[in-house]
Every structure is written in C-alpha cells, then in structure tokens.
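S.K.: Contents of input04.cif (mmCIF, C-alpha atoms) are below:
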data_upload
loop_
_atom_site.label_atom_id
_atom_site.label_comp_id
_atom_site.auth_asym_id
_atom_site.auth_seq_id
_atom_site.Cartn_x
_atom_site.Cartn_y
_atom_site.Cartn_z
CA MET Y 1098 58.40 2.60 -15.97
CA ALA Y 1099 61.83 2.79 -17.68
CA ASP Y 1100 63.15 5.06 -14.98
CA SER Y 1101 62.61 2.42 -12.34
CA LYS Y 1102 66.01 0.88 -13.08
CA GLN Y 1103 68.03 2.30 -10.29
CA PRO Y 1104 71.61 3.56 -10.64
CA GLY Y 1105 73.67 4.86 -13.50
CA PRO Y 1106 73.26 4.45 -17.24
CA PRO Y 1107 71.55 1.18 -18.05
CA LYS Y 1108 74.10 -1.24 -19.52
CA LYS Y 1109 72.87 -3.32 -22.41
CA PRO Y 1110 73.08 -6.78 -20.93
CA LEU Y 1111 71.26 -6.89 -17.60
CA THR Y 1112 72.96 -8.87 -14.92
CA LEU Y 1113 71.14 -11.80 -13.47
CA THR Y 1114 70.40 -9.95 -10.24
CA GLU Y 1115 68.91 -7.05 -12.19
CA GLN Y 1116 66.72 -9.39 -14.20
CA VAL Y 1117 65.56 -11.06 -11.03
CA LEU Y 1118 64.91 -7.69 -9.42
CA GLN Y 1119 62.95 -6.54 -12.44
CA GLN Y 1120 60.85 -9.69 -12.51
CA LYS Y 1121 60.30 -9.39 -8.80
CA GLN Y 1122 59.10 -5.84 -9.28
CA THR Y 1123 56.57 -6.79 -11.96
CA TYR Y 1124 55.51 -9.72 -9.82
CA ASP Y 1125 55.07 -7.41 -6.82
CA GLN Y 1126 53.01 -5.03 -8.93
CA GLN Y 1127 50.76 -7.85 -10.12
CA ALA Y 1128 50.44 -9.16 -6.60
CA TYR Y 1129 49.53 -5.69 -5.38
CA GLN Y 1130 46.97 -5.35 -8.16
CA ARG Y 1131 45.42 -8.69 -7.21
CA LEU Y 1132 45.36 -7.67 -3.58
CA ALA Y 1133 43.77 -4.32 -4.44
CA ASP Y 1134 41.18 -6.01 -6.63
CA SER Y 1135 40.32 -8.53 -3.95
CA VAL Y 1136 40.00 -5.91 -1.22
CA LYS Y 1137 38.31 -3.03 -3.02
CA PRO Y 1138 35.06 -4.66 -4.20
CA ARG Y 1139 34.64 -6.53 -0.94
CA HIS Y 1140 34.71 -3.24 0.93
CA ASN Y 1141 32.08 -1.86 -1.44
CA VAL Y 1142 29.98 -4.99 -1.10
CA LEU Y 1143 29.94 -4.66 2.68
CA VAL Y 1144 29.04 -0.97 2.63
CA ASN Y 1145 26.40 -1.49 -0.07
CA ALA Y 1146 24.89 -4.42 1.82
CA PHE Y 1147 24.77 -2.41 5.05
CA ASN Y 1148 23.12 0.57 3.32
CA ALA Y 1149 20.61 -1.65 1.51
CA PHE Y 1150 19.77 -3.30 4.82
CA TRP Y 1151 19.09 -0.21 6.88
CA VAL Y 1152 17.30 1.80 4.18
CA GLY Y 1153 15.14 -1.15 3.10
CA GLY Y 1154 14.47 -1.96 6.75
CA SER Y 1155 13.51 1.64 7.53
CA ILE Y 1156 11.04 1.76 4.63
CA ALA Y 1157 9.47 -1.49 5.86
CA ALA Y 1158 9.39 -0.18 9.44
CA LEU Y 1159 7.62 3.00 8.30
CA ALA Y 1160 5.04 0.86 6.48
CA GLN Y 1161 4.61 -1.24 9.62
CA ILE Y 1162 4.00 1.94 11.68
CA ILE Y 1163 1.36 3.08 9.18
CA THR Y 1164 -0.25 -0.38 9.32
CA LEU Y 1165 -0.34 -0.26 13.12
CA ILE Y 1166 -1.96 3.19 13.05
CA PHE Y 1167 -4.72 1.86 10.77
CA ILE Y 1168 -5.23 -1.20 12.99
CA ALA Y 1169 -5.40 1.03 16.07
CA ASN Y 1170 -8.20 2.93 14.36
CA GLY Y 1171 -10.27 -0.22 13.92
CA VAL Y 1172 -9.31 -1.23 10.39
CA ASN Y 1173 -8.89 -4.99 10.00
CA ILE Y 1174 -5.35 -6.30 9.46
CA ARG Y 1175 -5.73 -7.10 5.79
CA ASP Y 1176 -7.21 -3.72 4.84
CA ALA Y 1177 -4.63 -1.97 7.01
CA ALA Y 1178 -1.82 -3.68 5.08
CA THR Y 1179 -3.45 -2.72 1.78
CA ALA Y 1180 -3.89 0.89 2.88
CA ALA Y 1181 -0.27 1.05 4.04
CA THR Y 1182 0.83 -0.29 0.65
CA ILE Y 1183 -1.15 2.42 -1.15
CA ILE Y 1184 0.36 5.14 1.06
CA MET Y 1185 3.88 3.80 0.49
CA ILE Y 1186 3.30 3.82 -3.27
CA PHE Y 1187 2.08 7.41 -3.00
CA LEU Y 1188 5.18 8.39 -1.00
CA GLY Y 1189 7.51 6.61 -3.43
CA ALA Y 1190 5.90 8.36 -6.40
CA LEU Y 1191 5.95 11.77 -4.67
CA LEU Y 1192 9.58 11.51 -3.55
CA THR Y 1193 10.56 10.47 -7.08
CA GLY Y 1194 8.76 13.50 -8.49
CA LEU Y 1195 10.60 15.75 -6.03
CA GLY Y 1196 13.92 14.16 -7.03
CA ILE Y 1197 14.56 12.88 -3.51
CA TYR Y 1198 14.11 9.17 -4.16
CA ASP Y 1199 16.95 9.01 -6.68
CA GLU Y 1200 19.27 10.54 -4.08
CA ILE Y 1201 18.21 7.81 -1.63
CA GLY Y 1202 18.76 5.25 -4.36
CA LYS Y 1203 22.37 6.33 -4.92
CA VAL Y 1204 23.15 5.29 -1.34
CA ALA Y 1205 20.72 2.45 -0.76
CA GLY Y 1206 20.81 0.47 -4.01
CA ALA Y 1207 18.56 -2.55 -3.61
CA GLY Y 1208 17.31 -1.07 -0.32
CA SER Y 1209 15.41 1.51 -2.37
CA ILE Y 1210 14.63 -0.73 -5.38
CA ILE Y 1211 12.97 -3.72 -3.74
CA PRO Y 1212 10.40 -2.02 -1.48
CA ILE Y 1213 7.11 -1.10 -3.19
CA THR Y 1214 8.29 2.54 -3.10
CA GLY Y 1215 10.97 1.43 -5.58
CA PHE Y 1216 8.25 -0.02 -7.80
CA ALA Y 1217 6.54 3.40 -7.73
CA ASN Y 1218 9.91 4.99 -8.49
CA SER Y 1219 10.37 2.71 -11.50
CA ILE Y 1220 7.02 3.98 -12.83
CA VAL Y 1221 7.44 7.71 -12.24
CA ALA Y 1222 11.09 8.13 -13.25
CA PRO Y 1223 10.86 7.05 -16.91
CA ALA Y 1224 7.37 8.56 -17.32
CA MET Y 1225 8.70 11.95 -16.18
CA GLU Y 1226 11.81 11.61 -18.33
CA TYR Y 1227 9.92 10.97 -21.56
CA LYS Y 1228 7.08 13.42 -21.02
CA ARG Y 1229 8.05 15.43 -24.11
CA GLU Y 1230 7.13 12.44 -26.27
CA GLY Y 1231 3.51 13.08 -25.35
CA PHE Y 1232 0.96 11.74 -22.91
CA VAL Y 1233 0.34 8.47 -24.71
CA PHE Y 1234 3.73 7.33 -26.02
CA GLY Y 1235 5.66 9.41 -23.50
CA VAL Y 1236 4.11 9.30 -20.06
CA ALA Y 1237 1.64 6.42 -20.28
CA ALA Y 1238 3.77 4.01 -22.30
CA ARG Y 1239 7.03 4.68 -20.45
CA MET Y 1240 5.38 4.16 -17.06
CA PHE Y 1241 5.55 0.45 -17.76
CA ASN Y 1242 9.18 0.26 -18.85
CA ILE Y 1243 10.03 -1.69 -15.70
CA ALA Y 1244 6.62 -2.11 -14.07
CA GLY Y 1245 5.38 -3.93 -17.19
CA PRO Y 1246 7.84 -6.83 -16.94
CA VAL Y 1247 7.17 -7.04 -13.19
CA LEU Y 1248 3.43 -7.41 -13.81
CA VAL Y 1249 3.96 -9.81 -16.73
CA TYR Y 1250 6.06 -12.27 -14.73
CA GLY Y 1251 4.05 -11.81 -11.56
CA PHE Y 1252 0.79 -12.60 -13.37
CA ILE Y 1253 2.25 -15.53 -15.30
CA VAL Y 1254 3.58 -17.20 -12.16
CA ALA Y 1255 0.36 -16.54 -10.24
CA VAL Y 1256 -1.87 -17.96 -12.99
CA LEU Y 1257 0.39 -21.00 -13.45
CA VAL Y 1258 0.36 -21.66 -9.71
CA GLY Y 1259 -3.42 -21.32 -9.76
CA LEU Y 1260 -3.77 -23.77 -12.65
CA ILE Y 1261 -1.46 -26.28 -10.97
CA ALA Y 1262 -3.44 -25.95 -7.74
CA TYR Y 1263 -6.69 -26.42 -9.67
CA PHE Y 1264 -5.57 -29.61 -11.40
CA LEU Y 1265 -4.06 -31.02 -8.22
CA GLN Y 1266 -7.32 -30.54 -6.33
CA MET W 19 8.18 -4.95 18.58
CA SER W 20 6.53 -5.66 15.23
CA ILE W 21 8.18 -2.48 13.93
CA ILE W 22 11.63 -3.88 14.76
CA MET W 23 10.77 -7.21 13.14
CA ALA W 24 9.54 -5.37 10.04
CA PHE W 25 12.84 -3.48 9.97
CA ILE W 26 14.88 -6.68 10.23
CA ILE W 27 12.93 -8.78 7.71
CA GLY W 28 12.54 -5.90 5.24
CA GLY W 29 16.22 -5.09 5.62
CA LEU W 30 17.30 -8.70 5.08
CA ILE W 31 15.24 -9.05 1.90
CA CYS W 32 16.86 -5.89 0.51
CA LEU W 33 20.26 -7.13 1.64
CA VAL W 34 19.80 -10.32 -0.37
CA GLY W 35 18.93 -8.23 -3.41
CA GLN W 36 21.99 -6.03 -2.95
CA LEU W 37 24.27 -9.08 -2.65
CA ILE W 38 22.79 -10.52 -5.84
CA MET W 39 23.54 -7.22 -7.60
CA ASP W 40 27.10 -6.98 -6.27
CA LEU W 41 28.30 -10.58 -6.20
CA THR W 42 26.94 -12.11 -9.41
CA PRO W 43 29.06 -11.77 -12.55
CA TYR W 44 26.05 -10.71 -14.66
CA LYS W 45 24.91 -7.13 -15.04
CA VAL W 46 21.88 -7.12 -12.78
CA THR W 47 19.72 -4.03 -13.31
CA PRO W 48 16.93 -2.77 -11.02
CA ALA W 49 14.44 -4.21 -13.53
CA HIS W 50 16.00 -7.66 -13.16
CA ILE W 51 15.89 -7.35 -9.39
CA LEU W 52 12.22 -6.34 -9.37
CA VAL W 53 11.21 -9.09 -11.82
CA GLY W 54 13.31 -11.67 -9.97
CA PHE W 55 11.90 -10.78 -6.57
CA VAL W 56 8.26 -10.68 -7.66
CA THR W 57 8.72 -14.10 -9.30
CA GLY W 58 10.66 -15.46 -6.34
CA GLY W 59 8.07 -14.18 -3.87
CA ALA W 60 5.25 -15.73 -5.88
CA LEU W 61 7.02 -19.10 -6.08
CA LEU W 62 8.05 -19.14 -2.41
CA SER W 63 4.47 -18.28 -1.53
CA ALA W 64 3.18 -21.18 -3.65
CA ILE W 65 5.22 -23.70 -1.64
CA GLY W 66 4.21 -22.04 1.61
CA LEU W 67 7.55 -20.48 2.52
CA TYR W 68 6.57 -16.81 2.28
CA GLU W 69 3.62 -16.78 4.68
CA PRO W 70 5.90 -17.44 7.71
CA LEU W 71 7.95 -14.38 6.73
CA VAL W 72 4.77 -12.28 6.68
CA LYS W 73 3.79 -13.66 10.11
CA ILE W 74 7.18 -12.69 11.55
CA GLY W 75 7.91 -9.49 9.69
CA GLY W 76 4.54 -7.98 8.79
CA ALA W 77 5.19 -5.04 6.49
CA GLY W 78 8.82 -6.15 6.39
CA ALA W 79 7.70 -9.02 4.17
CA THR W 80 4.74 -7.40 2.39
CA ILE W 81 6.36 -4.07 1.39
CA PRO W 82 9.25 -5.59 -0.60
CA ILE W 83 8.14 -6.44 -4.15
CA SER W 84 8.41 -10.14 -3.26
CA GLY W 85 5.39 -9.46 -1.02
CA PHE W 86 3.50 -8.41 -4.14
CA GLY W 87 4.29 -11.80 -5.68
CA HIS W 88 3.06 -13.43 -2.48
CA LEU W 89 -0.16 -11.40 -2.68
CA LEU W 90 -0.73 -12.49 -6.29
CA THR W 91 -0.17 -16.17 -5.49
CA GLN W 92 -2.30 -16.20 -2.34
CA GLY W 93 -5.12 -14.35 -4.12
CA THR W 94 -4.99 -16.89 -6.92
CA LEU W 95 -4.97 -19.89 -4.58
CA GLU W 96 -7.90 -18.53 -2.55
CA ALA W 97 -9.88 -17.83 -5.72
CA VAL W 98 -9.16 -21.30 -7.09
CA GLU W 99 -10.55 -22.76 -3.89
CA ALA W 100 -13.65 -20.57 -4.06
CA LYS W 101 -14.37 -20.49 -7.80
CA GLY W 102 -12.32 -23.28 -9.34
CA PHE W 103 -10.77 -22.87 -12.79
CA LEU W 104 -11.88 -19.27 -13.26
CA GLY W 105 -10.20 -18.33 -10.01
CA ALA W 106 -6.78 -19.11 -11.45
CA PHE W 107 -7.25 -16.14 -13.78
CA THR W 108 -9.17 -13.72 -11.55
CA GLY W 109 -7.58 -14.23 -8.14
CA GLY W 110 -4.12 -12.76 -8.59
CA VAL W 111 -5.05 -9.49 -10.24
CA THR W 112 -7.99 -9.06 -7.87
CA ALA W 113 -5.70 -9.38 -4.87
CA GLY W 114 -3.14 -7.03 -6.37
CA ALA W 115 -5.71 -4.53 -7.63
CA ALA W 116 -5.14 -1.89 -4.94
CA GLY W 117 -1.40 -1.78 -5.46
CA ILE W 118 -1.61 -1.78 -9.25
CA ALA W 119 -4.29 0.92 -9.39
CA ALA W 120 -2.44 3.06 -6.85
CA ALA W 121 0.82 2.68 -8.77
CA VAL W 122 -0.81 3.64 -12.07
CA VAL W 123 -2.79 6.60 -10.70
CA PHE W 124 -0.12 8.08 -8.42
CA GLY W 125 2.61 7.27 -10.92
CA PHE W 126 0.80 9.09 -13.70
CA THR W 127 -0.10 12.05 -11.48
CA MET W 128 3.45 12.59 -10.22
CA ALA W 129 4.94 12.15 -13.69
CA VAL W 130 2.61 14.84 -15.02
CA LEU W 131 3.08 17.23 -12.07
CA PHE W 132 6.87 17.07 -11.80
CA ASN W 133 9.76 17.43 -14.22
CA PRO W 134 13.07 15.62 -14.00
CA ARG W 135 15.98 17.56 -12.56
CA GLY W 136 18.94 18.76 -14.54
#
Would you mind writing the file's structure down as structure tokens?
M.R.:
Amino acid sequence: MADSKQPGPPKKPLTLTEQVLQQKQTYDQQAYQRLADSVKPRHNVLVNAFNAFWVGGSIAALAQIITLIFIANGVNIRDAATAATIIMIFLGALLTGLGIYDEIGKVAGAGSIIPITGFANSIVAPAMEYKREGFVFGVAARMFNIAGPVLVYGFIVAVLVGLIAYFLQ
Amino acid sequence: MSIIMAFIIGGLICLVGQLIMDLTPYKVTPAHILVGFVTGGALLSAIGLYEPLVKIGGAGATIPISGFGHLLTQGTLEAVEAKGFLGAFTGGVTAGAAGIAAAVVFGFTMAVLFNPRG
C-alpha cells in the first residue's frame, strides 16, 4: 500500500496532516474489515438457518404424509410412525448411495443432518467410502463411525433415566 | 393440517441445530449434532417436555434424531413400569429396535450396492 500516498515524491518527514490522513486510512480499513466481518457471517447464518428450516421441515412433512397414508390404511398410530421411520431410513440410505443426499446436505446443513435420513446418511457415506478395506473392517466397522456414538449416548441416557425412574418408584 | 405442523416443528428443530453449528465458537461437526440431539431428546423426554412436541408436530418431532432419543427414553420408562429393574436395560433398545435394524440393514445394503462418486 505504499502507492496510496497521494501526490508527488514522498518527502521524508511526513507532515502532521499526512500522518493523520494515513492513520485515518488504516483506521478506515480496520473499521471496514470489522464491518465486513460482522455482516458477512450474519448473512450466511440467516441463509443457512432458512435452508435448514425448510429442508428439515420438508423431510418431516414427507414422513408425516407417509404416516397418514399408513393410518388411512388401518395401521395404528404407533406402528404407522415406526413404518414411516423405516421408510425414511431407507430413502436416506438410497439417496446417499445415489450421491443425491450429499448434494442436499451442501445446501441444507443441519436440515439434512438431524432428520433420521441424516442418520442413515451418516451410516452409508463412510461405509461406502471405506469399502476397499473389506467387508468387516471397511463396510461394517465404518458404518458406525457416527452412528456408534449416537447409539452409545442414546443408550446410556435411556438406561440412566430408567434406573433413576426405578429407584424413585 | 398435521402435515403443516410436522413441517414447522421439524423445521424448527433443524433450525436450532443449524444455529448451534453456526453461532457457537466450537467446531461442531455433524457427529456432534447427532449425538447432542439424541441426548437432548432423551433428556427432554425424561422430564416430559418432548411428548408435547410429538403431540403437536407428529413426524416433525419423531423424525429428527431427537425423536429417537425420545423413543429410547419412553421405551425405557414404560418397561421400568412393566418389568421393574430389568426394564431399564431392555426398554430403550426394544423401542428403538425397528429404527436400528432398518439403519443397519439398509445402510449395509446401500453401501455394498453403490460406490462413492468422484
């Protein structure tokens, strides 16, 4: 930024006004940088949040439609919800295999991670990736890269809650 | 109507997750989000705060992974009531069996059938 000093050959001692101008310029640049930093991520946060909302909502709505179809065909509510869950897991796994779910994930972020389809995605993606390491240490072991921790903590909390409930009875 | 409510509740749960990813200073990975939400859902369910969400949102509350935590907790609590001590260990996994089995079977099948792109 040496060329930013405006007219003529730069004399050795800067006048006071030049020093002030220079400081003002650096200050302006810093202020601009702060402004840019404060605006840029917020914009992304809003867009990300919106995308997560509508994609996650759409996946849930699709599951609700499937549930309603089962209920309309005489399945009780609980089984209908279970069946819908299984179908959503199937769809999540299939779309991951086809490479479509990762494209959705690039836009939707948490909107594609949190639904159960994202759980299926977290199983298929690493399993597919590490297939060349074999069917035991590749596919089967890698399936639980992310699903494993989910089950571990889910089970631990559930059992603890159960024990607490038992001893409070 | 219930489809719209599922959309809203499901969307809001995902929105919360996205905000946690974007607004916290830590590096929050999808694995952290999934673990956090299954744990959170299980705990909320234990103090009775998740069931109302399921009543309002239907699949909107059960399809997010927090709904899986809710399922585990409710299965455990029901089994404790029915079978006592043993129920604390059998209830959760029993309730989640369909989802876990489906995830393992379909996950394995798709991973074997398809290859990653690129």
S.K.: For chain W, which residue out of Y:Leu1118, Y:Leu1165, Y:Ala1157, Y:Ala1177 is the nearest one, using only C-alpha atoms?
M.R.: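 Selected residue with least distance to chain W: Y:Ala1157.
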S.K.: Residues of chain W were defined as contacting chain Y if any atom lay at most 6 Å from it, counting all atoms listed in the file; please report them as a VMD selection string.
M.R.: chain W and resid 21 24 to 26 28 to 30 32 to 33 35 to 36 49 53 56 to 57 77 to 78 81 to 83 87 90 to 91 94 to 95 106 to 107 120 to 121 124 to 125 128 to 129 132 to 133
S.K.: Please report the interatomic distance between CA of Gln1127 (chain Y) and CA of Leu1113 (chain Y) in Å with one decimal.
M.R.: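 Answer for the CA of Gln1127 (chain Y) to CA of Leu1113 (chain Y) separation: 21.0 Å.
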S.K.: State, in Å with one decimal place, the distance from CA of Gln92 (chain W) to CA of Gly75 (chain W).
M.R.: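 Answer for the CA of Gln92 (chain W) to CA of Gly75 (chain W) separation: 17.1 Å.
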S.K.: Can you work out the spacing between CA of Phe55 (chain W) and CA of Glu1200 (chain Y) in Å, to one decimal?
M.R.: 22.7 Å
S.K.: Could I get region 30-54 of chain W rebuilt with N, CA and C atoms, written as an mmCIF file, keeping the file's coordinate frame?
M.R.:
data_model
loop_
_atom_site.group_PDB
_atom_site.id
_atom_site.type_symbol
_atom_site.label_atom_id
_atom_site.label_comp_id
_atom_site.auth_asym_id
_atom_site.auth_seq_id
_atom_site.Cartn_x
_atom_site.Cartn_y
_atom_site.Cartn_z
ATOM 1 N N LEU W 30 16.637 -7.483 5.574
ATOM 2 C CA LEU W 30 17.300 -8.700 5.080
ATOM 3 C C LEU W 30 16.933 -8.991 3.635
ATOM 4 N N ILE W 31 15.655 -8.787 3.281
ATOM 5 C CA ILE W 31 15.240 -9.050 1.900
ATOM 6 C C ILE W 31 15.996 -8.120 0.944
ATOM 7 N N CYS W 32 16.120 -6.838 1.344
ATOM 8 C CA CYS W 32 16.860 -5.890 0.510
ATOM 9 C C CYS W 32 18.333 -6.241 0.461
ATOM 10 N N LEU W 33 18.855 -6.728 1.570
ATOM 11 C CA LEU W 33 20.260 -7.130 1.640
ATOM 12 C C LEU W 33 20.548 -8.257 0.648
ATOM 13 N N VAL W 34 19.642 -9.229 0.591
ATOM 14 C CA VAL W 34 19.800 -10.320 -0.370
ATOM 15 C C VAL W 34 19.857 -9.765 -1.788
ATOM 16 N N GLY W 35 18.948 -8.835 -2.083
ATOM 17 C CA GLY W 35 18.930 -8.230 -3.410
ATOM 18 C C GLY W 35 20.228 -7.516 -3.735
ATOM 19 N N GLN W 36 20.746 -6.768 -2.747
ATOM 20 C CA GLN W 36 21.990 -6.030 -2.950
ATOM 21 C C GLN W 36 23.154 -6.991 -3.208
ATOM 22 N N LEU W 37 23.184 -8.095 -2.464
ATOM 23 C CA LEU W 37 24.270 -9.080 -2.650
ATOM 24 C C LEU W 37 24.177 -9.711 -4.034
ATOM 25 N N ILE W 38 22.949 -9.970 -4.490
ATOM 26 C CA ILE W 38 22.790 -10.520 -5.840
ATOM 27 C C ILE W 38 23.341 -9.531 -6.859
ATOM 28 N N MET W 39 23.055 -8.235 -6.663
ATOM 29 C CA MET W 39 23.540 -7.220 -7.600
ATOM 30 C C MET W 39 25.066 -7.133 -7.592
ATOM 31 N N ASP W 40 25.668 -7.221 -6.390
ATOM 32 C CA ASP W 40 27.100 -6.980 -6.270
ATOM 33 C C ASP W 40 27.955 -8.220 -6.518
ATOM 34 N N LEU W 41 27.439 -9.400 -6.207
ATOM 35 C CA LEU W 41 28.300 -10.580 -6.200
ATOM 36 C C LEU W 41 28.119 -11.489 -7.418
ATOM 37 N N THR W 42 27.081 -11.268 -8.227
ATOM 38 C CA THR W 42 26.940 -12.110 -9.410
ATOM 39 C C THR W 42 27.696 -11.476 -10.573
ATOM 40 N N PRO W 43 28.270 -12.303 -11.439
ATOM 41 C CA PRO W 43 29.060 -11.770 -12.550
ATOM 42 C C PRO W 43 28.211 -11.082 -13.615
ATOM 43 N N TYR W 44 26.903 -11.312 -13.635
ATOM 44 C CA TYR W 44 26.050 -10.710 -14.660
ATOM 45 C C TYR W 44 25.754 -9.259 -14.296
ATOM 46 N N LYS W 45 25.325 -8.498 -15.310
ATOM 47 C CA LYS W 45 24.910 -7.130 -15.040
ATOM 48 C C LYS W 45 23.447 -7.160 -14.611
ATOM 49 N N VAL W 46 23.233 -7.036 -13.318
ATOM 50 C CA VAL W 46 21.880 -7.120 -12.780
ATOM 51 C C VAL W 46 21.330 -5.704 -12.620
ATOM 52 N N THR W 47 20.301 -5.363 -13.395
ATOM 53 C CA THR W 47 19.720 -4.030 -13.310
ATOM 54 C C THR W 47 18.568 -4.031 -12.309
ATOM 55 N N PRO W 48 18.103 -2.832 -11.893
ATOM 56 C CA PRO W 48 16.930 -2.770 -11.020
ATOM 57 C C PRO W 48 15.732 -3.534 -11.594
ATOM 58 N N ALA W 49 15.569 -3.491 -12.927
ATOM 59 C CA ALA W 49 14.440 -4.210 -13.530
ATOM 60 C C ALA W 49 14.558 -5.706 -13.290
ATOM 61 N N HIS W 50 15.787 -6.230 -13.423
ATOM 62 C CA HIS W 50 16.000 -7.660 -13.160
ATOM 63 C C HIS W 50 15.692 -7.991 -11.712
ATOM 64 N N ILE W 51 16.133 -7.105 -10.804
ATOM 65 C CA ILE W 51 15.890 -7.350 -9.390
ATOM 66 C C ILE W 51 14.394 -7.377 -9.097
ATOM 67 N N LEU W 52 13.666 -6.401 -9.636
ATOM 68 C CA LEU W 52 12.220 -6.340 -9.370
ATOM 69 C C LEU W 52 11.513 -7.566 -9.944
ATOM 70 N N VAL W 53 11.837 -7.920 -11.197
ATOM 71 C CA VAL W 53 11.210 -9.090 -11.820
ATOM 72 C C VAL W 53 11.574 -10.358 -11.036
ATOM 73 N N GLY W 54 12.861 -10.479 -10.693
ATOM 74 C CA GLY W 54 13.310 -11.670 -9.970
ATOM 75 C C GLY W 54 12.623 -11.805 -8.624
#
